[in-house]
$ cat input.tsv   # TSV, C-alpha atoms
chain	number	residue	atom	x	y	z
A	1	MET	CA	146.68	156.84	77.78
A	2	ASP	CA	144.78	154.98	75.09
A	3	SER	CA	144.36	157.31	72.10
A	4	SER	CA	141.47	155.36	70.54
A	5	PRO	CA	137.95	156.83	70.34
A	6	ASP	CA	137.09	154.70	73.38
A	7	ALA	CA	139.96	156.16	75.40
A	8	THR	CA	139.52	156.16	79.16
A	9	LEU	CA	138.29	159.44	80.55
A	10	THR	CA	140.27	160.75	83.52
A	11	SER	CA	138.59	161.38	86.84
A	12	ASP	CA	139.48	165.07	86.47
A	13	SER	CA	137.20	165.35	83.41
A	14	SER	CA	134.24	163.77	85.18
A	15	PRO	CA	131.72	165.49	87.48
A	16	PRO	CA	133.06	165.76	91.06
A	17	ILE	CA	131.50	163.73	93.87
A	18	SER	CA	129.79	165.74	96.59
A	19	LYS	CA	130.46	165.32	100.33
A	20	THR	CA	127.12	163.56	100.79
A	21	PRO	CA	126.65	161.72	97.49
A	22	THR	CA	124.08	159.18	96.43
A	23	ILE	CA	126.00	156.36	94.76
A	24	ALA	CA	124.24	153.57	92.90
A	25	VAL	CA	125.83	150.18	92.29
A	26	ILE	CA	124.56	147.79	89.64
A	27	MET	CA	125.36	144.39	91.13
A	28	PRO	CA	126.29	141.17	89.30
A	29	ASN	CA	123.52	138.58	89.04
A	30	TRP	CA	125.36	135.40	90.06
A	31	ILE	CA	125.86	134.51	93.72
A	32	GLY	CA	129.61	134.02	93.40
A	33	ASP	CA	130.09	137.31	91.57
A	34	ALA	CA	127.94	139.14	94.13
A	35	CYS	CA	130.10	137.74	96.94
A	36	MET	CA	133.20	138.94	95.10
A	37	ALA	CA	131.66	142.43	94.92
A	38	THR	CA	131.39	142.77	98.72
A	39	PRO	CA	134.93	144.23	99.14
A	40	THR	CA	133.90	146.97	96.70
A	41	LEU	CA	130.78	147.76	98.73
A	42	ARG	CA	132.87	147.90	101.90
A	43	SER	CA	135.40	150.17	100.18
A	44	LEU	CA	132.63	152.57	99.12
A	45	ARG	CA	131.28	152.69	102.68
A	46	GLN	CA	134.73	153.49	104.03
A	47	GLY	CA	135.62	155.95	101.29
A	48	PHE	CA	132.28	157.80	101.39
A	49	PRO	CA	131.00	157.43	104.98
A	50	ASN	CA	128.24	160.01	104.41
A	51	ALA	CA	127.07	158.55	101.12
A	52	ARG	CA	123.70	157.00	100.45
A	53	LEU	CA	124.24	153.72	98.64
A	54	VAL	CA	121.58	152.43	96.27
A	55	GLY	CA	121.90	148.81	95.18
A	56	VAL	CA	120.44	147.59	91.88
A	57	MET	CA	120.14	143.81	91.97
A	58	SER	CA	118.13	140.67	91.41
A	59	SER	CA	115.96	139.25	94.19
A	60	LEU	CA	118.51	136.43	94.58
A	61	VAL	CA	121.35	138.87	95.33
A	62	ASP	CA	119.03	140.77	97.66
A	63	GLU	CA	118.44	137.54	99.58
A	64	LEU	CA	122.17	136.82	99.63
A	65	LEU	CA	123.18	140.16	101.16
A	66	PRO	CA	120.97	141.09	104.11
A	67	ASN	CA	121.80	144.30	105.96
A	68	THR	CA	122.96	143.46	109.48
A	69	VAL	CA	124.62	145.18	112.42
A	70	ASP	CA	127.98	143.95	111.11
A	71	VAL	CA	127.47	144.79	107.45
A	72	ASP	CA	125.31	147.62	106.14
A	73	TYR	CA	125.38	147.02	102.41
A	74	PHE	CA	122.78	149.44	101.03
A	75	ASP	CA	120.53	152.29	102.15
A	76	ARG	CA	118.07	151.54	99.37
A	77	ARG	CA	117.58	148.51	97.15
A	78	ILE	CA	116.02	148.43	93.71
A	79	LEU	CA	115.12	144.87	92.75
A	80	VAL	CA	115.03	144.07	89.05
A	81	HIS	CA	113.32	141.12	87.39
A	82	ARG	CA	114.14	139.95	83.90
A	83	ARG	CA	111.57	139.38	81.18
A	84	GLY	CA	110.05	135.93	81.44
A	85	LYS	CA	111.16	135.50	85.06
A	86	GLN	CA	108.79	135.32	87.98
A	87	ARG	CA	108.28	138.77	89.45
A	88	VAL	CA	108.91	139.25	93.17
A	89	ALA	CA	107.22	141.85	95.33
A	90	HIS	CA	108.45	145.42	94.88
A	91	SER	CA	110.64	144.55	91.90
A	92	VAL	CA	110.72	146.50	88.65
A	93	SER	CA	111.33	145.49	85.06
A	94	ARG	CA	114.46	146.53	83.23
A	95	SER	CA	112.44	149.01	81.19
A	96	LEU	CA	111.22	150.77	84.35
A	97	LEU	CA	114.57	150.70	86.13
A	98	MET	CA	115.69	154.05	84.69
A	99	HIS	CA	112.69	155.76	86.32
A	100	GLU	CA	113.59	154.31	89.72
A	101	LEU	CA	117.18	155.46	89.33
A	102	ARG	CA	116.07	158.97	88.33
A	103	LYS	CA	113.90	159.14	91.46
A	104	SER	CA	116.94	158.19	93.55
A	105	LYS	CA	118.77	161.32	92.30
A	106	CYS	CA	122.11	159.51	92.08
A	107	ASP	CA	125.31	161.50	91.60
A	108	THR	CA	127.38	158.48	90.56
A	109	ILE	CA	126.79	154.92	89.48
A	110	LEU	CA	129.22	151.98	89.45
A	111	ILE	CA	128.38	149.43	86.78
A	112	LEU	CA	129.94	146.17	87.94
A	113	PRO	CA	128.58	143.85	85.19
A	114	ASN	CA	130.14	144.03	81.74
A	115	SER	CA	126.81	144.02	79.91
A	116	PHE	CA	125.75	146.69	77.44
A	117	TRP	CA	122.26	147.03	78.93
A	118	SER	CA	123.60	147.97	82.38
A	119	ALA	CA	125.57	150.88	80.92
A	120	ALA	CA	122.63	151.86	78.74
A	121	VAL	CA	120.22	152.06	81.67
A	122	ALA	CA	122.73	154.17	83.62
A	123	PHE	CA	123.00	156.52	80.63
A	124	ALA	CA	119.23	156.70	80.19
A	125	SER	CA	118.85	157.44	83.91
A	126	ARG	CA	120.80	160.69	83.40
A	127	ILE	CA	123.21	159.95	86.23
A	128	PRO	CA	126.02	162.53	85.94
A	129	ARG	CA	128.92	160.15	86.61
A	130	ARG	CA	128.88	156.64	85.18
A	131	VAL	CA	131.82	154.34	85.98
A	132	GLY	CA	132.45	150.98	84.31
A	133	TYR	CA	134.77	149.01	82.08
A	134	ARG	CA	135.17	149.68	78.39
A	135	ARG	CA	133.49	146.52	77.13
A	136	ASP	CA	130.95	145.51	74.48
A	137	GLY	CA	131.03	148.85	72.65
A	138	ARG	CA	129.58	150.74	75.61
A	139	ALA	CA	132.39	153.25	76.34
A	140	TRP	CA	130.37	156.14	74.86
A	141	LEU	CA	127.69	155.52	77.48
A	142	LEU	CA	130.15	156.06	80.36
A	143	THR	CA	131.81	159.15	81.77
A	144	ASP	CA	134.60	157.03	83.27
A	145	ALA	CA	135.44	154.13	80.94
A	146	LEU	CA	138.13	152.02	82.62
A	147	PRO	CA	140.46	149.95	80.42
A	148	VAL	CA	140.15	146.18	80.64
A	149	PRO	CA	143.41	144.63	81.95
A	150	LYS	CA	145.20	143.08	78.96
A	151	ASN	CA	148.53	141.61	77.96
A	152	GLU	CA	149.96	140.66	74.57
A	153	SER	CA	147.88	137.49	74.34
A	154	GLY	CA	144.58	138.99	75.45
A	155	PRO	CA	142.77	139.77	78.71
A	156	THR	CA	144.95	139.41	81.79
A	157	PRO	CA	143.53	136.95	84.35
A	158	VAL	CA	142.29	139.14	87.19
A	159	SER	CA	140.18	138.08	90.12
A	160	ALA	CA	136.68	139.54	89.95
A	161	ILE	CA	137.35	140.92	93.44
A	162	ASP	CA	140.14	143.14	92.10
A	163	TYR	CA	138.25	143.83	88.88
A	164	TYR	CA	135.32	145.30	90.81
A	165	LEU	CA	137.48	147.05	93.40
A	166	LYS	CA	139.22	149.02	90.67
A	167	GLN	CA	136.03	151.01	90.17
A	168	ALA	CA	135.91	152.09	93.82
A	169	GLU	CA	139.62	152.89	93.73
A	170	TRP	CA	139.01	155.02	90.62
A	171	LEU	CA	136.70	157.17	92.76
A	172	GLY	CA	139.45	157.59	95.36
A	173	CYS	CA	138.46	154.83	97.81
A	174	GLU	CA	141.21	152.83	99.48
A	175	SER	CA	140.98	149.04	99.58
A	176	GLN	CA	141.94	148.16	103.14
A	177	SER	CA	140.91	144.54	102.69
A	178	ARG	CA	140.11	142.32	99.73
A	179	ALA	CA	138.37	139.70	101.84
A	180	MET	CA	134.79	138.85	100.90
A	181	GLN	CA	132.20	139.26	103.63
A	182	LEU	CA	128.82	137.74	104.44
A	183	SER	CA	126.86	137.91	107.67
A	184	VAL	CA	124.76	135.22	109.28
A	185	THR	CA	121.52	136.34	110.89
A	186	PRO	CA	119.72	134.79	113.89
A	187	GLN	CA	117.12	133.52	111.42
A	188	ASP	CA	119.87	131.71	109.49
A	189	GLN	CA	121.09	130.17	112.73
A	190	GLU	CA	117.60	129.02	113.64
A	191	LEU	CA	117.14	127.40	110.21
A	192	ALA	CA	120.44	125.53	110.62
A	193	ASP	CA	119.45	124.44	114.16
A	194	GLN	CA	116.18	123.05	112.83
A	195	LEU	CA	118.01	121.16	110.09
A	196	TRP	CA	120.51	119.67	112.55
A	197	SER	CA	117.61	118.52	114.72
A	198	LYS	CA	115.74	117.01	111.77
A	199	LEU	CA	118.86	115.12	110.65
A	200	GLY	CA	119.74	113.97	114.17
A	201	PHE	CA	123.15	115.64	113.88
A	202	SER	CA	125.16	116.44	116.99
A	203	SER	CA	126.19	120.05	117.59
A	204	SER	CA	129.41	118.83	119.20
A	205	LEU	CA	130.66	116.79	116.23
A	206	PRO	CA	132.47	118.54	113.35
A	207	THR	CA	130.49	118.58	110.11
A	208	VAL	CA	131.97	118.64	106.64
A	209	VAL	CA	129.73	120.21	104.02
A	210	ILE	CA	130.09	118.94	100.44
A	211	ASN	CA	128.71	120.92	97.52
A	212	SER	CA	129.02	119.34	94.07
A	213	ASN	CA	126.56	121.55	92.26
A	214	SER	CA	126.70	124.35	89.73
A	215	ALA	CA	123.92	126.75	88.83
A	216	LYS	CA	124.60	126.56	85.11
A	217	ASP	CA	127.53	124.31	84.15
A	218	GLY	CA	127.41	120.53	84.37
A	219	SER	CA	131.11	120.57	83.52
A	220	ARG	CA	131.83	121.83	87.03
A	221	VAL	CA	130.17	118.90	88.80
A	222	TRP	CA	132.16	116.10	90.45
A	223	PRO	CA	130.62	112.65	89.79
A	224	LYS	CA	128.19	111.64	92.52
A	225	GLU	CA	129.94	108.28	92.93
A	226	LYS	CA	133.11	110.11	93.98
A	227	VAL	CA	131.17	112.46	96.23
A	228	ALA	CA	129.59	109.44	97.93
A	229	GLU	CA	132.97	107.72	98.34
A	230	LEU	CA	134.50	110.85	99.89
A	231	ALA	CA	131.54	111.29	102.23
A	232	THR	CA	131.72	107.67	103.33
A	233	ARG	CA	135.45	107.87	104.02
A	234	LEU	CA	135.01	110.98	106.11
A	235	ALA	CA	132.14	109.46	108.09
A	236	VAL	CA	133.78	106.07	108.65
A	237	LYS	CA	137.46	106.93	109.14
A	238	THR	CA	137.19	110.23	111.01
A	239	ASP	CA	133.80	110.01	112.78
A	240	LEU	CA	132.62	113.18	111.08
A	241	GLN	CA	129.15	114.24	110.09
A	242	VAL	CA	128.83	114.94	106.37
A	243	LEU	CA	126.13	117.17	104.96
A	244	LEU	CA	125.43	117.48	101.23
A	245	HIS	CA	124.60	121.06	100.31
A	246	CYS	CA	122.00	121.52	97.59
A	247	GLY	CA	119.52	123.94	96.12
A	248	PRO	CA	115.95	123.18	95.06
A	249	GLY	CA	117.11	121.82	91.70
A	250	GLU	CA	119.68	119.44	93.20
A	251	ARG	CA	117.53	117.64	95.77
A	252	GLN	CA	117.33	114.39	93.82
A	253	SER	CA	121.04	114.32	93.00
A	254	ALA	CA	121.88	114.88	96.69
A	255	ALA	CA	119.42	112.17	97.73
A	256	ASP	CA	120.97	109.74	95.23
A	257	THR	CA	124.43	110.49	96.64
A	258	VAL	CA	123.23	109.87	100.19
A	259	ALA	CA	121.82	106.51	99.07
A	260	LEU	CA	125.17	105.60	97.46
A	261	ALA	CA	127.06	106.53	100.65
A	262	SER	CA	124.65	104.50	102.78
A	263	HIS	CA	125.94	105.79	106.12
A	264	PRO	CA	123.83	107.34	108.93
A	265	ASN	CA	126.23	110.28	109.27
A	266	VAL	CA	125.92	111.25	105.59
A	267	ARG	CA	122.78	113.31	104.98
A	268	SER	CA	121.38	115.93	102.63
A	269	MET	CA	119.95	119.34	103.46
A	270	GLY	CA	117.39	118.65	100.73
A	271	VAL	CA	115.18	116.89	103.30
A	272	VAL	CA	113.64	120.22	104.30
A	273	ASP	CA	110.81	121.77	102.33
A	274	ASN	CA	112.35	125.22	101.89
A	275	LEU	CA	115.95	125.90	100.85
A	276	PRO	CA	116.52	129.65	101.18
A	277	LEU	CA	119.96	131.22	100.98
A	278	GLY	CA	119.69	131.94	104.69
A	279	LEU	CA	119.78	128.20	105.36
A	280	SER	CA	122.84	127.89	103.13
A	281	ARG	CA	124.55	130.68	105.08
A	282	GLY	CA	123.74	128.97	108.37
A	283	VAL	CA	124.91	125.56	107.13
A	284	LEU	CA	128.13	126.77	105.54
A	285	GLN	CA	129.06	128.99	108.48
A	286	ARG	CA	129.04	126.12	110.96
A	287	ALA	CA	130.99	123.73	108.71
A	288	ALA	CA	134.33	122.44	109.98
A	289	ALA	CA	135.36	122.38	106.30
A	290	VAL	CA	133.64	122.80	102.94
A	291	VAL	CA	134.43	120.73	99.85
A	292	THR	CA	132.93	122.38	96.82
A	293	THR	CA	133.00	122.85	93.09
A	294	ASP	CA	133.59	126.33	91.63
A	295	SER	CA	130.10	127.66	92.35
A	296	GLY	CA	128.17	130.17	94.39
A	297	ALA	CA	128.38	127.96	97.47
A	298	ARG	CA	132.17	128.10	97.23
A	299	HIS	CA	132.18	131.88	97.39
A	300	MET	CA	129.64	131.94	100.20
A	301	ALA	CA	131.80	129.57	102.26
A	302	VAL	CA	134.93	131.62	101.62
A	303	ALA	CA	133.09	134.85	102.45
A	304	LEU	CA	132.03	133.25	105.74
A	305	ASN	CA	135.72	132.50	106.46
A	306	ARG	CA	135.36	128.74	106.44
A	307	PRO	CA	138.17	126.34	105.41
A	308	VAL	CA	137.48	125.38	101.80
A	309	VAL	CA	138.67	122.76	99.30
A	310	THR	CA	137.65	123.79	95.78
A	311	LEU	CA	137.54	121.46	92.77
A	312	PHE	CA	138.05	123.23	89.45
A	313	GLY	CA	137.02	121.71	86.13
A	314	SER	CA	136.09	123.88	83.16
A	315	THR	CA	137.04	127.11	84.97
A	316	ALA	CA	140.42	128.45	86.10
A	317	PRO	CA	141.35	129.63	89.61
A	318	LEU	CA	143.10	132.84	88.52
A	319	TRP	CA	139.86	134.55	87.51
A	320	THR	CA	138.30	133.96	90.93
A	321	THR	CA	141.21	134.26	93.36
A	322	THR	CA	140.00	134.87	96.91
A	323	TYR	CA	141.65	136.60	99.84
A	324	ASN	CA	140.01	135.17	102.96
A	325	LYS	CA	141.33	131.94	104.46
A	326	PRO	CA	143.64	130.16	102.01
A	327	GLU	CA	141.74	127.65	99.89
A	328	GLN	CA	143.04	124.24	98.97
A	329	GLN	CA	142.50	124.15	95.22
A	330	VAL	CA	142.40	121.09	92.96
A	331	TYR	CA	143.10	121.85	89.30
A	332	LEU	CA	144.50	119.18	86.98
A	333	ASN	CA	145.88	121.69	84.45
A	334	LEU	CA	145.01	119.54	81.45
A	335	ASP	CA	145.70	120.83	77.94
A	336	CYS	CA	141.96	121.39	77.44
A	337	GLN	CA	141.56	123.44	80.64
A	338	PRO	CA	139.95	125.87	81.03
A	339	CYS	CA	137.24	125.74	78.38
A	340	TYR	CA	134.43	127.52	80.27
A	341	GLU	CA	131.87	125.37	78.48
A	342	ALA	CA	128.72	124.10	80.17
A	343	THR	CA	129.36	120.60	78.81
A	344	CYS	CA	132.68	119.10	77.79
A	345	PRO	CA	133.42	119.86	74.09
A	346	LEU	CA	135.49	116.65	73.97
A	347	SER	CA	132.80	114.58	75.71
A	348	HIS	CA	135.13	113.15	78.36
A	349	HIS	CA	134.91	115.59	81.32
A	350	ARG	CA	138.39	114.48	82.40
A	351	CYS	CA	138.98	117.73	84.27
A	352	MET	CA	136.46	116.67	86.93
A	353	HIS	CA	136.27	112.90	86.52
A	354	GLU	CA	140.02	112.41	87.02
A	355	ILE	CA	140.14	114.27	90.34
A	356	SER	CA	140.82	111.47	92.80
A	357	VAL	CA	138.89	110.86	95.99
A	358	SER	CA	142.15	110.17	97.85
A	359	GLN	CA	143.55	113.59	96.95
A	360	VAL	CA	140.41	115.42	98.00
A	361	TYR	CA	140.14	113.36	101.19
A	362	ALA	CA	143.71	114.20	102.19
A	363	LEU	CA	143.23	117.91	101.49
A	364	THR	CA	139.97	117.95	103.42
A	365	LEU	CA	141.66	116.53	106.51
A	366	THR	CA	144.17	119.38	106.44
A	367	GLN	CA	141.33	121.92	106.39
A	368	ILE	CA	139.06	120.54	109.10
A	369	GLU	CA	138.64	122.76	112.14
A	370	PRO	CA	137.37	121.33	115.46
A	371	ALA	CA	133.78	122.14	116.28
A	372	ALA	CA	134.95	124.10	119.33
A	373	ASP	CA	136.86	126.49	117.05
A	374	LYS	CA	133.74	127.33	115.08
A	375	PRO	CA	133.29	131.13	114.98
A	376	LYS	CA	130.27	132.57	116.74
A	377	LEU	CA	127.37	133.51	114.54
A	378	ALA	CA	126.84	137.20	113.90
A	379	ARG	CA	123.90	138.67	115.79
A	380	VAL	CA	121.68	141.39	114.47
A	381	ALA	CA	119.26	143.64	116.21
$ encode --input "input.tsv" --output "structure tokens"
Amino acid sequence: MDSSPDATLTSDSSPPISKTPTIAVIMPNWIGDACMATPTLRSLRQGFPNARLVGVMSSLVDELLPNTVDVDYFDRRILVHRRGKQRVAHSVSRSLLMHELRKSKCDTILILPNSFWSAAVAFASRIPRRVGYRRDGRAWLLTDALPVPKNESGPTPVSAIDYYLKQAEWLGCESQSRAMQLSVTPQDQELADQLWSKLGFSSSLPTVVINSNSAKDGSRVWPKEKVAELATRLAVKTDLQVLLHCGPGERQSAADTVALASHPNVRSMGVVDNLPLGLSRGVLQRAAAVVTTDSGARHMAVALNRPVVTLFGSTAPLWTTTYNKPEQQVYLNLDCQPCYEATCPLSHHRCMHEISVSQVYALTLTQIEPAADKPKLARVA
């Protein structure tokens, strides 16, 4: 036991959890992190089958995780918008969040992000049991302050999946599976059908989806010339359809890559007016394989149990290990990796630029599943 003032409190010294508790979960904001939190949500459901789960999240995470027949994530959702961000319907500001949590009468709250504000709002909400990691000077705000995994040289590389799951395990929940989980709705399927029709794609031909985008770090992006060369090889040599995945901010980049590839079987999903996460779920779920950078799309594809080839640049695989289908991972292990910088501090971006098309092409071929083996889409009532 750590004897410092921030020592971890034992579960015995914390308020007990009732048989029918209301448990709140403050979710991470990024898509990839939210996907990696799904095993924790499943563990809570299994460990507390009579609990009422309240999710605190951004509108983006709300869109990512719809409740379906297969997966019932939350009984109530509190959407939070940040200052300066566009407000969505029924969302609250951070300053009003504590009032919503008090109205929910939560017994326990799991604070998955490491931020100080998330622990502070849990404390201000007067929730009796507050579980989170001892980070950023916030231990005094928690009733259960878990120690951060460390070794002699610093923090131990731990997948965010395991990092989050530790909080559910601390409450006595067993982790029967560490696999991430997303569901695809009939609406997602319809959006993907409409896209296939617009592109003139065949439903009987395998489609490889390529995502070379990152929500925040240009250092994670593979050069579009290499993306175009890979797409062309796949379309010409293997008679595959290739679809470039993109969000609203990557339309032009995807269009430029399609123009470089100059092949009728290489297209972009950016041709449609609206690019909701439901379309991404539908597209990724029906992919024969997904080639992607370390981004939210990667975690969505893995959570949908698709075969994935992931290209790592400024980030390292150990912090985001996944437990669904085995990924093929490309990591050059240069002396400067990982730096976790948005742009290369050395101005060469070797970690991404030196990943060869031939290597990625070969790995992609090993991952491709026939279209006939594509799993059926989940149906919801």
$ residues_around --input "input.tsv" --residues "Leu60 in chain A" --least-positions-apart "6" --cutoff "10 Å" --atoms "only C-alpha atoms" --output "NGL selection string"
:A and (29-31 or 34 or 79 or 276-277)
$ atom_distance --input "input.tsv" --atom1 "CA of Asp62 in chain A" --atom2 "CA of Gly32 in chain A"
13.3 Å
$ residues_around --input "input.tsv" --residues "range 224-229 of chain A" --least-positions-apart "5" --cutoff "12 Å" --atoms "only C-alpha atoms" --output "MDAnalysis selection string"
chainID A and resid 209:213 234:237 242:245 250 252:263 265:268 291:293 311 352:361
$ closest_residue --input "input.tsv" --among "A:Leu275, A:Gln328, A:Ser219, A:Met300" --to "His348 in chain A" --atoms "all atoms listed in the file"
A:Ser219
$ residues_around --input "input.tsv" --residues "Gly47 in chain A" --least-positions-apart "4" --cutoff "8 Å" --atoms "only C-alpha atoms" --output "PyMOL selection string"
chain A and resi 43+172-174
$ residues_around --input "input.tsv" --residues "Thr320 in chain A" --least-positions-apart "5" --cutoff "8 Å" --atoms "all atoms listed in the file" --output "ChimeraX atom specification"
/A:158-161
$ closest_residue --input "input.tsv" --among "A:Ser204, A:Ser118, A:Ser95, A:Gln167" --to "Leu44 in chain A" --atoms "only C-alpha atoms"
A:Gln167
$ residues_around --input "input.tsv" --residues "Leu279 in chain A" --least-positions-apart "6" --cutoff "12 Å" --atoms "all atoms listed in the file" --output "PyMOL selection string"
chain A and resi 63-64+184-196+245-247+269-270+272-273+285-286+297+300
$ write_last_selection --input "input.tsv" --atoms "C-alpha atoms" --output "tab-separated table (two decimals), in the coordinates of the input"
chain	number	residue	atom	x	y	z
A	63	GLU	CA	118.44	137.54	99.58
A	64	LEU	CA	122.17	136.82	99.63
A	184	VAL	CA	124.76	135.22	109.28
A	185	THR	CA	121.52	136.34	110.89
A	186	PRO	CA	119.72	134.79	113.89
A	187	GLN	CA	117.12	133.52	111.42
A	188	ASP	CA	119.87	131.71	109.49
A	189	GLN	CA	121.09	130.17	112.73
A	190	GLU	CA	117.60	129.02	113.64
A	191	LEU	CA	117.14	127.40	110.21
A	192	ALA	CA	120.44	125.53	110.62
A	193	ASP	CA	119.45	124.44	114.16
A	194	GLN	CA	116.18	123.05	112.83
A	195	LEU	CA	118.01	121.16	110.09
A	196	TRP	CA	120.51	119.67	112.55
A	245	HIS	CA	124.60	121.06	100.31
A	246	CYS	CA	122.00	121.52	97.59
A	247	GLY	CA	119.52	123.94	96.12
A	269	MET	CA	119.95	119.34	103.46
A	270	GLY	CA	117.39	118.65	100.73
A	272	VAL	CA	113.64	120.22	104.30
A	273	ASP	CA	110.81	121.77	102.33
A	285	GLN	CA	129.06	128.99	108.48
A	286	ARG	CA	129.04	126.12	110.96
A	297	ALA	CA	128.38	127.96	97.47
A	300	MET	CA	129.64	131.94	100.20
$ atom_distance --input "input.tsv" --atom1 "CA of Ser58 in chain A" --atom2 "CA of Leu284 in chain A"
22.2 Å
$ atom_distance --input "input.tsv" --atom1 "CA of Leu97 in chain A" --atom2 "CA of Gly55 in chain A"
11.8 Å
$ closest_residue --input "input.tsv" --among "A:Val221, A:Ile78, A:Ala122, A:Leu112" --to "Leu146 in chain A" --atoms "only C-alpha atoms"
A:Leu112
$ closest_residue --input "input.tsv" --among "A:Cys351, A:Glu100, A:Arg82, A:Ala139" --to "Pro223 in chain A" --atoms "only C-alpha atoms"
A:Cys351
